[in-house]
>>> print(open('work04.pdb').read())   # PDB, C-alpha atoms, pLDDT in the B column
ATOM      1  CA  THR A   1     -40.397 -19.489 -21.604  1.00 55.00           C
ATOM      2  CA  GLU A   2     -37.539 -17.874 -23.491  1.00 58.00           C
ATOM      3  CA  SER A   3     -36.385 -18.535 -27.037  1.00 60.00           C
ATOM      4  CA  GLY A   4     -33.038 -20.242 -27.497  1.00 58.00           C
ATOM      5  CA  TYR A   5     -33.500 -22.698 -24.596  1.00 57.00           C
ATOM      6  CA  LYS A   6     -34.681 -26.331 -24.359  1.00 59.00           C
ATOM      7  CA  TYR A   7     -37.225 -26.968 -21.589  1.00 57.00           C
ATOM      8  CA  THR A   8     -37.319 -30.599 -20.370  1.00 61.00           C
ATOM      9  CA  VAL A   9     -40.279 -31.724 -18.257  1.00 60.00           C
ATOM     10  CA  GLU A  10     -40.412 -35.166 -16.613  1.00 63.00           C
ATOM     11  CA  VAL A  11     -43.933 -36.628 -16.277  1.00 57.00           C
ATOM     12  CA  THR A  12     -45.614 -39.843 -15.174  1.00 59.00           C
ATOM     13  CA  TYR A  13     -48.526 -40.852 -17.386  1.00 53.00           C
ATOM     14  CA  ASN A  14     -50.939 -43.795 -17.250  1.00 58.00           C
ATOM     15  CA  ARG A  15     -53.763 -44.029 -19.743  1.00 59.00           C
ATOM     16  CA  GLY A  16     -56.873 -42.431 -18.357  1.00 58.00           C
ATOM     17  CA  GLN A  17     -55.091 -40.755 -15.479  1.00 59.00           C
ATOM     18  CA  LEU A  18     -53.922 -37.255 -14.809  1.00 55.00           C
ATOM     19  CA  VAL A  19     -50.444 -36.196 -15.966  1.00 53.00           C
ATOM     20  CA  ILE A  20     -48.174 -35.747 -12.964  1.00 54.00           C
ATOM     21  CA  VAL A  21     -45.219 -33.395 -13.427  1.00 54.00           C
ATOM     22  CA  GLU A  22     -42.203 -34.799 -11.600  1.00 56.00           C
ATOM     23  CA  GLY A  23     -39.738 -31.989 -12.286  1.00 58.00           C
ATOM     24  CA  ALA A  24     -38.410 -29.637 -14.912  1.00 57.00           C
ATOM     25  CA  THR A  25     -35.070 -28.342 -16.135  1.00 57.00           C
ATOM     26  CA  ILE A  26     -34.031 -25.561 -18.489  1.00 55.00           C
ATOM     27  CA  ASN A  27     -30.941 -25.948 -20.639  1.00 58.00           C
ATOM     28  CA  PRO A  28     -29.521 -24.064 -23.597  1.00 59.00           C
ATOM     29  CA  TRP A  29     -30.080 -25.748 -26.939  1.00 53.00           C
ATOM     30  CA  LYS A  30     -27.160 -27.602 -28.445  1.00 53.00           C
ATOM     31  CA  GLU A  31     -26.561 -30.561 -30.704  1.00 51.00           C
ATOM     32  CA  GLY A  32     -28.033 -33.813 -29.491  1.00 50.00           C
ATOM     33  CA  SER A  33     -27.428 -37.368 -30.748  1.00 50.00           C
ATOM     34  CA  ASP A  34     -29.427 -39.605 -33.076  1.00 50.00           C
ATOM     35  CA  ASN A  35     -29.568 -42.663 -30.791  1.00 54.00           C
ATOM     36  CA  GLY A  36     -33.303 -42.417 -30.292  1.00 53.00           C
ATOM     37  CA  GLU A  37     -33.273 -38.966 -28.723  1.00 53.00           C
ATOM     38  CA  VAL A  38     -34.773 -35.912 -30.301  1.00 51.00           C
ATOM     39  CA  ILE A  39     -32.123 -33.789 -31.982  1.00 51.00           C
ATOM     40  CA  VAL A  40     -32.371 -30.098 -31.159  1.00 49.00           C
ATOM     41  CA  ILE A  41     -29.948 -27.640 -32.701  1.00 49.00           C
ATOM     42  CA  GLY A  42     -29.493 -23.977 -31.905  1.00 50.00           C
ATOM     43  CA  GLY A  43     -29.174 -21.632 -28.971  1.00 50.00           C
ATOM     44  CA  GLU A  44     -26.103 -20.718 -26.984  1.00 51.00           C
ATOM     45  CA  GLU A  45     -24.659 -21.768 -23.683  1.00 52.00           C
ATOM     46  CA  THR A  46     -26.203 -19.960 -20.738  1.00 51.00           C
ATOM     47  CA  PRO A  47     -23.686 -17.235 -19.859  1.00 55.00           C
ATOM     48  CA  THR A  48     -22.002 -17.784 -16.503  1.00 59.00           C
ATOM     49  CA  PRO A  49     -22.054 -14.611 -14.409  1.00 62.00           C
ATOM     50  CA  GLN A  50     -18.539 -13.301 -13.993  1.00 66.00           C
ATOM     51  CA  PRO A  51     -17.373 -11.477 -10.860  1.00 66.00           C
ATOM     52  CA  GLU A  52     -16.615  -7.812 -11.216  1.00 65.00           C
ATOM     53  CA  PRO A  53     -12.872  -7.327 -11.850  1.00 60.00           C
ATOM     54  CA  GLU A  54     -10.882  -5.948  -8.960  1.00 55.00           C
ATOM     55  CA  PRO A  55      -9.913  -2.308  -9.601  1.00 48.00           C
ATOM     56  CA  GLU A  56      -6.284  -1.849 -10.564  1.00 46.00           C
ATOM     57  CA  PRO A  57      -4.275  -0.228  -7.765  1.00 39.00           C
ATOM     58  CA  GLN A  58      -3.377   3.356  -8.622  1.00 40.00           C
ATOM     59  CA  PRO A  59       0.216   4.497  -8.229  1.00 40.00           C
ATOM     60  CA  THR A  60       0.881   6.801  -5.306  1.00 43.00           C
ATOM     61  CA  GLU A  61       1.100  10.329  -6.619  1.00 65.00           C
ATOM     62  CA  GLY A  62       1.650  12.056  -3.301  1.00 85.00           C
ATOM     63  CA  LYS A  63       0.083  15.231  -1.941  1.00 96.00           C
ATOM     64  CA  LEU A  64       0.632  18.722  -3.274  1.00 97.00           C
ATOM     65  CA  LEU A  65       3.614  20.159  -1.446  1.00 98.00           C
ATOM     66  CA  PHE A  66       2.430  23.764  -1.190  1.00 98.00           C
ATOM     67  CA  PRO A  67      -0.712  25.647  -2.296  1.00 98.00           C
ATOM     68  CA  GLY A  68      -0.884  25.789  -6.089  1.00 98.00           C
ATOM     69  CA  ALA A  69       2.043  23.367  -6.419  1.00 98.00           C
ATOM     70  CA  ASN A  70       0.729  22.188  -9.799  1.00 98.00           C
ATOM     71  CA  PHE A  71       0.426  25.890 -10.844  1.00 98.00           C
ATOM     72  CA  ASP A  72      -3.201  25.516 -11.946  1.00 98.00           C
ATOM     73  CA  ASP A  73      -4.366  27.842  -9.145  1.00 98.00           C
ATOM     74  CA  PHE A  74      -1.805  30.578  -9.597  1.00 98.00           C
ATOM     75  CA  ASP A  75      -3.408  32.940  -7.104  1.00 98.00           C
ATOM     76  CA  ALA A  76      -3.132  30.289  -4.370  1.00 98.00           C
ATOM     77  CA  PHE A  77       0.508  29.741  -5.296  1.00 98.00           C
ATOM     78  CA  LYS A  78       1.396  33.443  -5.185  1.00 97.00           C
ATOM     79  CA  ALA A  79      -0.451  33.842  -1.876  1.00 97.00           C
ATOM     80  CA  SER A  80       1.816  31.162  -0.361  1.00 97.00           C
ATOM     81  CA  LEU A  81       5.055  33.043  -1.110  1.00 98.00           C
ATOM     82  CA  ASN A  82       7.171  34.871   1.446  1.00 97.00           C
ATOM     83  CA  SER A  83       7.798  38.621   1.491  1.00 94.00           C
ATOM     84  CA  PHE A  84      10.031  38.359  -1.591  1.00 93.00           C
ATOM     85  CA  PRO A  85       7.848  38.250  -4.723  1.00 93.00           C
ATOM     86  CA  LEU A  86       7.961  35.655  -7.473  1.00 98.00           C
ATOM     87  CA  HIS A  87      10.942  36.312  -9.766  1.00 98.00           C
ATOM     88  CA  SER A  88      10.041  38.662 -12.625  1.00 97.00           C
ATOM     89  CA  LEU A  89      11.069  36.051 -15.230  1.00 98.00           C
ATOM     90  CA  ALA A  90       8.685  33.418 -13.804  1.00 98.00           C
ATOM     91  CA  THR A  91       5.193  33.122 -15.302  1.00 98.00           C
ATOM     92  CA  GLN A  92       2.300  30.690 -15.473  1.00 98.00           C
ATOM     93  CA  VAL A  93       2.052  28.930 -18.865  1.00 98.00           C
ATOM     94  CA  ASP A  94       0.043  26.217 -20.596  1.00 98.00           C
ATOM     95  CA  GLY A  95       1.569  22.883 -21.569  1.00 97.00           C
ATOM     96  CA  GLY A  96       2.573  21.648 -18.129  1.00 97.00           C
ATOM     97  CA  LYS A  97       3.114  18.041 -17.151  1.00 96.00           C
ATOM     98  CA  THR A  98      -0.526  18.266 -16.070  1.00 92.00           C
ATOM     99  CA  GLY A  99      -2.451  21.450 -16.774  1.00 96.00           C
ATOM    100  CA  LYS A 100      -0.416  24.605 -16.200  1.00 98.00           C
ATOM    101  CA  ALA A 101       3.258  24.972 -15.316  1.00 98.00           C
ATOM    102  CA  LEU A 102       5.675  27.601 -14.011  1.00 98.00           C
ATOM    103  CA  GLN A 103       8.039  28.851 -16.709  1.00 98.00           C
ATOM    104  CA  PHE A 104      11.323  30.610 -15.958  1.00 98.00           C
ATOM    105  CA  LYS A 105      12.687  32.171 -19.125  1.00 98.00           C
ATOM    106  CA  GLY A 106      15.265  34.856 -19.789  1.00 98.00           C
ATOM    107  CA  ASN A 107      18.830  35.901 -19.015  1.00 97.00           C
ATOM    108  CA  ILE A 108      19.913  36.255 -15.379  1.00 96.00           C
ATOM    109  CA  LYS A 109      23.042  37.862 -13.967  1.00 95.00           C
ATOM    110  CA  LYS A 110      23.270  36.322 -10.490  1.00 96.00           C
ATOM    111  CA  ASN A 111      22.280  33.268  -8.456  1.00 97.00           C
ATOM    112  CA  ASP A 112      18.704  33.960  -7.447  1.00 97.00           C
ATOM    113  CA  PHE A 113      15.496  32.583  -5.965  1.00 98.00           C
ATOM    114  CA  ILE A 114      12.738  31.716  -8.425  1.00 98.00           C
ATOM    115  CA  PHE A 115      10.316  31.465  -5.499  1.00 98.00           C
ATOM    116  CA  THR A 116      10.116  30.749  -1.778  1.00 98.00           C
ATOM    117  CA  THR A 117       6.885  29.449  -0.270  1.00 98.00           C
ATOM    118  CA  THR A 118       5.937  29.629   3.404  1.00 98.00           C
ATOM    119  CA  LYS A 119       2.924  27.307   3.361  1.00 97.00           C
ATOM    120  CA  ASN A 120       2.674  23.529   3.524  1.00 97.00           C
ATOM    121  CA  ALA A 121      -0.398  22.157   1.721  1.00 97.00           C
ATOM    122  CA  SER A 122       0.217  18.498   2.589  1.00 95.00           C
ATOM    123  CA  GLY A 123      -0.170  18.656   6.376  1.00 94.00           C
ATOM    124  CA  LEU A 124       2.954  16.494   6.704  1.00 96.00           C
ATOM    125  CA  THR A 125       5.848  17.486   8.953  1.00 96.00           C
ATOM    126  CA  SER A 126       8.071  14.734   7.539  1.00 97.00           C
ATOM    127  CA  GLY A 127       8.090  12.368   4.583  1.00 97.00           C
ATOM    128  CA  THR A 128      10.256  10.182   2.407  1.00 98.00           C
ATOM    129  CA  LYS A 129      10.457  12.160  -0.823  1.00 98.00           C
ATOM    130  CA  ILE A 130       9.522  15.349  -2.613  1.00 98.00           C
ATOM    131  CA  SER A 131       9.104  15.110  -6.382  1.00 98.00           C
ATOM    132  CA  PHE A 132       8.609  17.544  -9.244  1.00 98.00           C
ATOM    133  CA  TYR A 133       8.901  17.610 -13.030  1.00 98.00           C
ATOM    134  CA  LEU A 134      11.361  19.661 -15.085  1.00 98.00           C
ATOM    135  CA  LYS A 135      11.558  20.473 -18.801  1.00 98.00           C
ATOM    136  CA  GLY A 136      13.854  22.697 -20.848  1.00 98.00           C
ATOM    137  CA  LYS A 137      17.378  24.114 -20.914  1.00 98.00           C
ATOM    138  CA  SER A 138      19.602  26.238 -18.701  1.00 98.00           C
ATOM    139  CA  GLY A 139      23.262  27.292 -18.800  1.00 97.00           C
ATOM    140  CA  ARG A 140      23.485  26.756 -15.024  1.00 97.00           C
ATOM    141  CA  SER A 141      21.667  24.342 -12.741  1.00 98.00           C
ATOM    142  CA  LEU A 142      19.092  24.549  -9.937  1.00 98.00           C
ATOM    143  CA  SER A 143      19.381  24.264  -6.173  1.00 98.00           C
ATOM    144  CA  ILE A 144      16.380  23.524  -3.940  1.00 98.00           C
ATOM    145  CA  ASN A 145      16.018  24.464  -0.252  1.00 98.00           C
ATOM    146  CA  VAL A 146      13.956  22.341   2.157  1.00 98.00           C
ATOM    147  CA  TYR A 147      13.602  24.335   5.390  1.00 98.00           C
ATOM    148  CA  SER A 148      13.251  23.198   9.013  1.00 98.00           C
ATOM    149  CA  ASP A 149      12.349  24.962  12.266  1.00 97.00           C
ATOM    150  CA  ASP A 150      15.969  24.809  13.482  1.00 96.00           C
ATOM    151  CA  LYS A 151      18.201  27.857  13.695  1.00 95.00           C
ATOM    152  CA  GLU A 152      21.827  28.134  12.609  1.00 94.00           C
ATOM    153  CA  THR A 153      24.432  30.884  12.920  1.00 93.00           C
ATOM    154  CA  ASN A 154      26.607  32.156  10.074  1.00 88.00           C
ATOM    155  CA  SER A 155      30.243  33.271  10.229  1.00 87.00           C
ATOM    156  CA  LYS A 156      29.171  36.768  11.210  1.00 89.00           C
ATOM    157  CA  GLY A 157      27.170  35.503  14.178  1.00 91.00           C
ATOM    158  CA  LYS A 158      23.806  36.125  12.537  1.00 93.00           C
ATOM    159  CA  SER A 159      21.042  33.582  13.160  1.00 94.00           C
ATOM    160  CA  TYR A 160      19.070  32.207  10.218  1.00 94.00           C
ATOM    161  CA  GLN A 161      16.512  29.489   9.491  1.00 97.00           C
ATOM    162  CA  ALA A 162      18.157  26.131   8.835  1.00 97.00           C
ATOM    163  CA  TYR A 163      17.584  24.259   5.573  1.00 98.00           C
ATOM    164  CA  LYS A 164      18.942  21.381   3.536  1.00 98.00           C
ATOM    165  CA  PRO A 165      19.965  22.192  -0.057  1.00 98.00           C
ATOM    166  CA  PHE A 166      19.503  19.694  -2.892  1.00 98.00           C
ATOM    167  CA  ASN A 167      21.683  20.451  -5.936  1.00 98.00           C
ATOM    168  CA  LEU A 168      20.487  19.297  -9.345  1.00 98.00           C
ATOM    169  CA  GLU A 169      23.845  19.621 -11.156  1.00 97.00           C
ATOM    170  CA  THR A 170      24.018  18.435 -14.793  1.00 98.00           C
ATOM    171  CA  VAL A 171      20.875  17.110 -16.457  1.00 98.00           C
ATOM    172  CA  SER A 172      21.462  15.664 -19.933  1.00 96.00           C
ATOM    173  CA  GLY A 173      18.743  13.266 -21.013  1.00 95.00           C
ATOM    174  CA  THR A 174      15.348  12.075 -19.895  1.00 96.00           C
ATOM    175  CA  ASN A 175      16.120   9.668 -17.040  1.00 97.00           C
ATOM    176  CA  ASP A 176      14.563  10.203 -13.611  1.00 98.00           C
ATOM    177  CA  ILE A 177      16.880  11.860 -11.094  1.00 98.00           C
ATOM    178  CA  THR A 178      17.148  11.374  -7.317  1.00 98.00           C
ATOM    179  CA  LEU A 179      18.958  13.959  -5.179  1.00 98.00           C
ATOM    180  CA  GLN A 180      20.457  13.671  -1.702  1.00 98.00           C
ATOM    181  CA  PRO A 181      20.774  16.572   0.784  1.00 98.00           C
ATOM    182  CA  GLN A 182      24.006  18.590   0.628  1.00 98.00           C
ATOM    183  CA  THR A 183      25.790  20.986   2.988  1.00 96.00           C
ATOM    184  CA  ARG A 184      25.614  24.078   0.753  1.00 96.00           C
ATOM    185  CA  ASN A 185      23.907  25.351  -2.379  1.00 98.00           C
ATOM    186  CA  GLY A 186      25.592  24.599  -5.705  1.00 97.00           C
ATOM    187  CA  TYR A 187      24.702  25.438  -9.300  1.00 97.00           C
ATOM    188  CA  THR A 188      27.395  23.555 -11.192  1.00 96.00           C
ATOM    189  CA  GLY A 189      26.300  21.950 -14.442  1.00 97.00           C
ATOM    190  CA  THR A 190      23.858  22.619 -17.246  1.00 98.00           C
ATOM    191  CA  ILE A 191      20.330  21.418 -17.980  1.00 98.00           C
ATOM    192  CA  ASP A 192      18.959  19.958 -21.207  1.00 98.00           C
ATOM    193  CA  THR A 193      16.001  17.574 -20.877  1.00 98.00           C
ATOM    194  CA  GLN A 194      15.837  17.117 -24.678  1.00 97.00           C
ATOM    195  CA  GLY A 195      12.318  18.485 -24.853  1.00 97.00           C
ATOM    196  CA  GLN A 196      10.923  15.914 -22.400  1.00 98.00           C
ATOM    197  CA  TRP A 197       9.631  16.079 -18.829  1.00 98.00           C
ATOM    198  CA  VAL A 198      12.153  14.705 -16.333  1.00 98.00           C
ATOM    199  CA  LYS A 199      11.095  13.601 -12.854  1.00 98.00           C
ATOM    200  CA  VAL A 200      13.307  14.919 -10.030  1.00 98.00           C
ATOM    201  CA  THR A 201      13.019  13.382  -6.553  1.00 98.00           C
ATOM    202  CA  LEU A 202      14.501  14.723  -3.319  1.00 98.00           C
ATOM    203  CA  ASN A 203      15.278  12.146  -0.646  1.00 98.00           C
ATOM    204  CA  ILE A 204      13.947  13.825   2.502  1.00 98.00           C
ATOM    205  CA  ALA A 205      13.874  10.722   4.726  1.00 98.00           C
ATOM    206  CA  GLY A 206      14.820  11.745   8.272  1.00 97.00           C
ATOM    207  CA  LEU A 207      14.272  15.467   7.731  1.00 97.00           C
ATOM    208  CA  LYS A 208      11.802  17.527   9.734  1.00 97.00           C
ATOM    209  CA  LEU A 209       9.890  20.052   7.649  1.00 98.00           C
ATOM    210  CA  ALA A 210       9.359  23.643   8.705  1.00 98.00           C
ATOM    211  CA  THR A 211       6.071  24.568  10.368  1.00 97.00           C
ATOM    212  CA  GLN A 212       6.766  28.318  10.388  1.00 95.00           C
ATOM    213  CA  GLU A 213       8.643  30.932   8.355  1.00 97.00           C
ATOM    214  CA  ASN A 214      10.046  29.673   5.033  1.00 98.00           C
ATOM    215  CA  PHE A 215       9.059  26.183   3.885  1.00 98.00           C
ATOM    216  CA  PHE A 216      10.457  25.421   0.405  1.00 98.00           C
ATOM    217  CA  ALA A 217      12.427  27.298  -2.264  1.00 98.00           C
ATOM    218  CA  VAL A 218      13.819  26.845  -5.777  1.00 98.00           C
ATOM    219  CA  LYS A 219      16.951  28.730  -6.856  1.00 98.00           C
ATOM    220  CA  VAL A 220      18.773  29.033 -10.183  1.00 98.00           C
ATOM    221  CA  GLY A 221      22.432  29.711 -10.848  1.00 97.00           C
ATOM    222  CA  ALA A 222      23.996  32.293 -13.157  1.00 97.00           C
ATOM    223  CA  ASP A 223      27.295  33.379 -14.641  1.00 94.00           C
ATOM    224  CA  LYS A 224      27.862  36.769 -12.975  1.00 89.00           C
ATOM    225  CA  LYS A 225      30.109  37.982 -15.791  1.00 90.00           C
ATOM    226  CA  ASN A 226      28.181  37.027 -18.926  1.00 90.00           C
ATOM    227  CA  GLY A 227      24.774  36.128 -17.550  1.00 95.00           C
ATOM    228  CA  THR A 228      23.009  32.828 -18.121  1.00 97.00           C
ATOM    229  CA  ASP A 229      20.171  31.978 -20.491  1.00 97.00           C
ATOM    230  CA  VAL A 230      17.424  29.941 -18.869  1.00 98.00           C
ATOM    231  CA  ASP A 231      14.322  28.413 -20.486  1.00 98.00           C
ATOM    232  CA  LEU A 232      12.788  25.977 -17.998  1.00 98.00           C
ATOM    233  CA  MET A 233       9.339  24.774 -16.994  1.00 98.00           C
ATOM    234  CA  ILE A 234       8.645  23.143 -13.612  1.00 98.00           C
ATOM    235  CA  ASP A 235       5.451  21.451 -12.477  1.00 98.00           C
ATOM    236  CA  ASP A 236       3.687  19.171  -9.980  1.00 98.00           C
ATOM    237  CA  PHE A 237       5.570  19.467  -6.678  1.00 98.00           C
ATOM    238  CA  THR A 238       4.353  16.617  -4.449  1.00 98.00           C
ATOM    239  CA  ILE A 239       5.360  14.930  -1.202  1.00 98.00           C
ATOM    240  CA  GLU A 240       5.076  11.355   0.026  1.00 97.00           C
TER     241      GLU A 240
END
>>> encode(input="work04.pdb", output="structure tokens")
Amino acid sequence: TESGYKYTVEVTYNRGQLVIVEGATINPWKEGSDNGEVIVIGGEETPTPQPEPEPEPQPTEGKLLFPGANFDDFDAFKASLNSFPLHSLATQVDGGKTGKALQFKGNIKKNDFIFTTTKNASGLTSGTKISFYLKGKSGRSLSINVYSDDKETNSKGKSYQAYKPFNLETVSGTNDITLQPQTRNGYTGTIDTQGQWVKVTLNIAGLKLATQENFFAVKVGADKKNGTDVDLMIDDFTIE
């Protein structure tokens, strides 16, 4: 028996005969009535087993776009770059959106690549969107290249690897931003995320991603005459 419960046993009894147990029940104690029944007070209702709650669905976060795309493994990131090294003003820093981040800080005199990676960490050759997070200020904006395996020819007849540029233009505030592919790189506008992380998404639906040579690049614009001050952090490049 267990304390806190009322045990009811039904019996048949005739004087001089054995007691025959007909059945038994176990109930939690609770208030009875005074109409001839025994009043028992105390105990609690027997707890009803509850099913385990269904786990909440987790939001899709995508796959890392290139090795070290969250900048936590900086060696893996640098090993994924093409023959041009990481820009001298770009460094790994603490305080990223998650873990570490890539910081680009200083004064630049020309439009330039921050980095170009040749490796795809996701295994995808197409997708719907590429996303990353941005924080800080810049006197000129960013342009992002998403490369393909196609070849194009410039005005001088020289062949080069085709890509679609995505131009960030002016960022003033903390709202999420979605970019569409453009026909050429542009750096018009300034950046000020007001000290917050801003999510930037590239709409890559219908694009085929490169499987060789260059894969993905981030560029920054500059005023060639006076130079441009840049103080940006970028983090968590993913693809879905």
>>> resolve_selection(input="work04.pdb", expression="the PyMOL selection byres ((chain A and resi 230) around 6)", output="PDB file with C-alpha atoms, keeping the file's coordinate frame")
ATOM      1  CA  LYS A 105      12.687  32.171 -19.125  1.00 98.00           C
ATOM      2  CA  GLY A 106      15.265  34.856 -19.789  1.00 98.00           C
ATOM      3  CA  SER A 138      19.602  26.238 -18.701  1.00 98.00           C
ATOM      4  CA  ASP A 229      20.171  31.978 -20.491  1.00 97.00           C
ATOM      5  CA  ASP A 231      14.322  28.413 -20.486  1.00 98.00           C
TER       6      ASP A 231
END
>>> resolve_selection(input="work04.pdb", expression="the PyMOL selection byres ((chain A and resi 119) around 12)", output="PyMOL selection string")
chain A and resi 64-69+76-82+116-118+120-125+147+209-217
>>> closest_residue(input="work04.pdb", among="A:Gly95, A:Gly221, A:Pro165, A:Gly139", to="Met233 of chain A", atoms="all atoms listed in the file")
A:Gly95
>>> closest_residue(input="work04.pdb", among="A:Ala222, A:Leu232, A:Ile177, A:Ile239", to="Lys109 of chain A", atoms="all atoms listed in the file")
A:Ala222
>>> resolve_selection(input="work04.pdb", expression="the PyMOL selection byres ((chain A and resi 178) around 8)", output="ChimeraX atom specification")
/A:176-177,179-180,200-203
>>> atom_distance(input="work04.pdb", atom1="atom CA of Gly62 of chain A", atom2="atom CA of Thr238 of chain A")
5.4 Å
>>> atom_distance(input="work04.pdb", atom1="atom CA of Gln103 of chain A", atom2="atom CA of Asn185 of chain A")
21.7 Å
>>> closest_residue(input="work04.pdb", among="A:Asp72, A:Glu169, A:Asp149, A:Asp236", to="Phe132 of chain A", atoms="all atoms listed in the file")
A:Asp236
>>> atom_distance(input="work04.pdb", atom1="atom CA of Phe113 of chain A", atom2="atom CA of Leu142 of chain A")
9.7 Å
>>> closest_residue(input="work04.pdb", among="A:Ser155, A:Ser131, A:Asn167, A:Asn107", to="Gln182 of chain A", atoms="all atoms listed in the file")
A:Asn167
>>> closest_residue(input="work04.pdb", among="A:Lys219, A:Lys151, A:Lys199, A:Lys156", to="Asp112 of chain A", atoms="all atoms listed in the file")
A:Lys219
>>> decode(input="work04.pdb", residues="segment 75-86 of chain A", atoms="N, CA, C and O atoms", output="PDB file, in the first residue's frame")
ATOM      1  N   ASP A  75      41.824  29.179 -40.193  1.00  0.00           N
ATOM      2  CA  ASP A  75      42.760  28.484 -41.080  1.00  0.00           C
ATOM      3  C   ASP A  75      42.019  27.835 -42.243  1.00  0.00           C
ATOM      4  O   ASP A  75      42.486  27.877 -43.387  1.00  0.00           O
ATOM      5  N   ALA A  76      40.857  27.225 -41.949  1.00  0.00           N
ATOM      6  CA  ALA A  76      40.057  26.612 -43.020  1.00  0.00           C
ATOM      7  C   ALA A  76      39.577  27.676 -44.000  1.00  0.00           C
ATOM      8  O   ALA A  76      39.562  27.455 -45.218  1.00  0.00           O
ATOM      9  N   PHE A  77      39.183  28.823 -43.472  1.00  0.00           N
ATOM     10  CA  PHE A  77      38.745  29.919 -44.345  1.00  0.00           C
ATOM     11  C   PHE A  77      39.874  30.372 -45.257  1.00  0.00           C
ATOM     12  O   PHE A  77      39.711  30.462 -46.479  1.00  0.00           O
ATOM     13  N   LYS A  78      41.039  30.647 -44.695  1.00  0.00           N
ATOM     14  CA  LYS A  78      42.160  31.141 -45.506  1.00  0.00           C
ATOM     15  C   LYS A  78      42.617  30.105 -46.528  1.00  0.00           C
ATOM     16  O   LYS A  78      43.040  30.465 -47.637  1.00  0.00           O
ATOM     17  N   ALA A  79      42.492  28.820 -46.174  1.00  0.00           N
ATOM     18  CA  ALA A  79      42.886  27.761 -47.109  1.00  0.00           C
ATOM     19  C   ALA A  79      41.931  27.660 -48.292  1.00  0.00           C
ATOM     20  O   ALA A  79      42.257  27.044 -49.307  1.00  0.00           O
ATOM     21  N   SER A  80      40.732  28.254 -48.168  1.00  0.00           N
ATOM     22  CA  SER A  80      39.744  28.174 -49.248  1.00  0.00           C
ATOM     23  C   SER A  80      39.881  29.317 -50.250  1.00  0.00           C
ATOM     24  O   SER A  80      39.160  29.350 -51.253  1.00  0.00           O
ATOM     25  N   LEU A  81      40.781  30.266 -49.993  1.00  0.00           N
ATOM     26  CA  LEU A  81      40.886  31.454 -50.838  1.00  0.00           C
ATOM     27  C   LEU A  81      41.662  31.171 -52.116  1.00  0.00           C
ATOM     28  O   LEU A  81      42.452  30.227 -52.191  1.00  0.00           O
ATOM     29  N   ASN A  82      41.440  32.019 -53.125  1.00  0.00           N
ATOM     30  CA  ASN A  82      42.154  31.847 -54.387  1.00  0.00           C
ATOM     31  C   ASN A  82      43.579  32.378 -54.262  1.00  0.00           C
ATOM     32  O   ASN A  82      44.061  32.643 -53.165  1.00  0.00           O
ATOM     33  N   SER A  83      44.255  32.545 -55.384  1.00  0.00           N
ATOM     34  CA  SER A  83      45.674  32.915 -55.348  1.00  0.00           C
ATOM     35  C   SER A  83      45.906  34.322 -54.804  1.00  0.00           C
ATOM     36  O   SER A  83      47.025  34.658 -54.401  1.00  0.00           O
ATOM     37  N   PHE A  84      44.865  35.150 -54.768  1.00  0.00           N
ATOM     38  CA  PHE A  84      44.993  36.479 -54.173  1.00  0.00           C
ATOM     39  C   PHE A  84      44.723  36.353 -52.674  1.00  0.00           C
ATOM     40  O   PHE A  84      43.690  35.818 -52.264  1.00  0.00           O
ATOM     41  N   PRO A  85      45.611  36.853 -51.826  1.00  0.00           N
ATOM     42  CA  PRO A  85      45.429  36.662 -50.383  1.00  0.00           C
ATOM     43  C   PRO A  85      44.287  37.505 -49.833  1.00  0.00           C
ATOM     44  O   PRO A  85      43.771  38.407 -50.492  1.00  0.00           O
ATOM     45  N   LEU A  86      43.899  37.192 -48.611  1.00  0.00           N
ATOM     46  CA  LEU A  86      42.929  37.997 -47.878  1.00  0.00           C
ATOM     47  C   LEU A  86      43.449  39.434 -47.791  1.00  0.00           C
ATOM     48  O   LEU A  86      44.640  39.662 -47.569  1.00  0.00           O
TER      49      LEU A  86
END
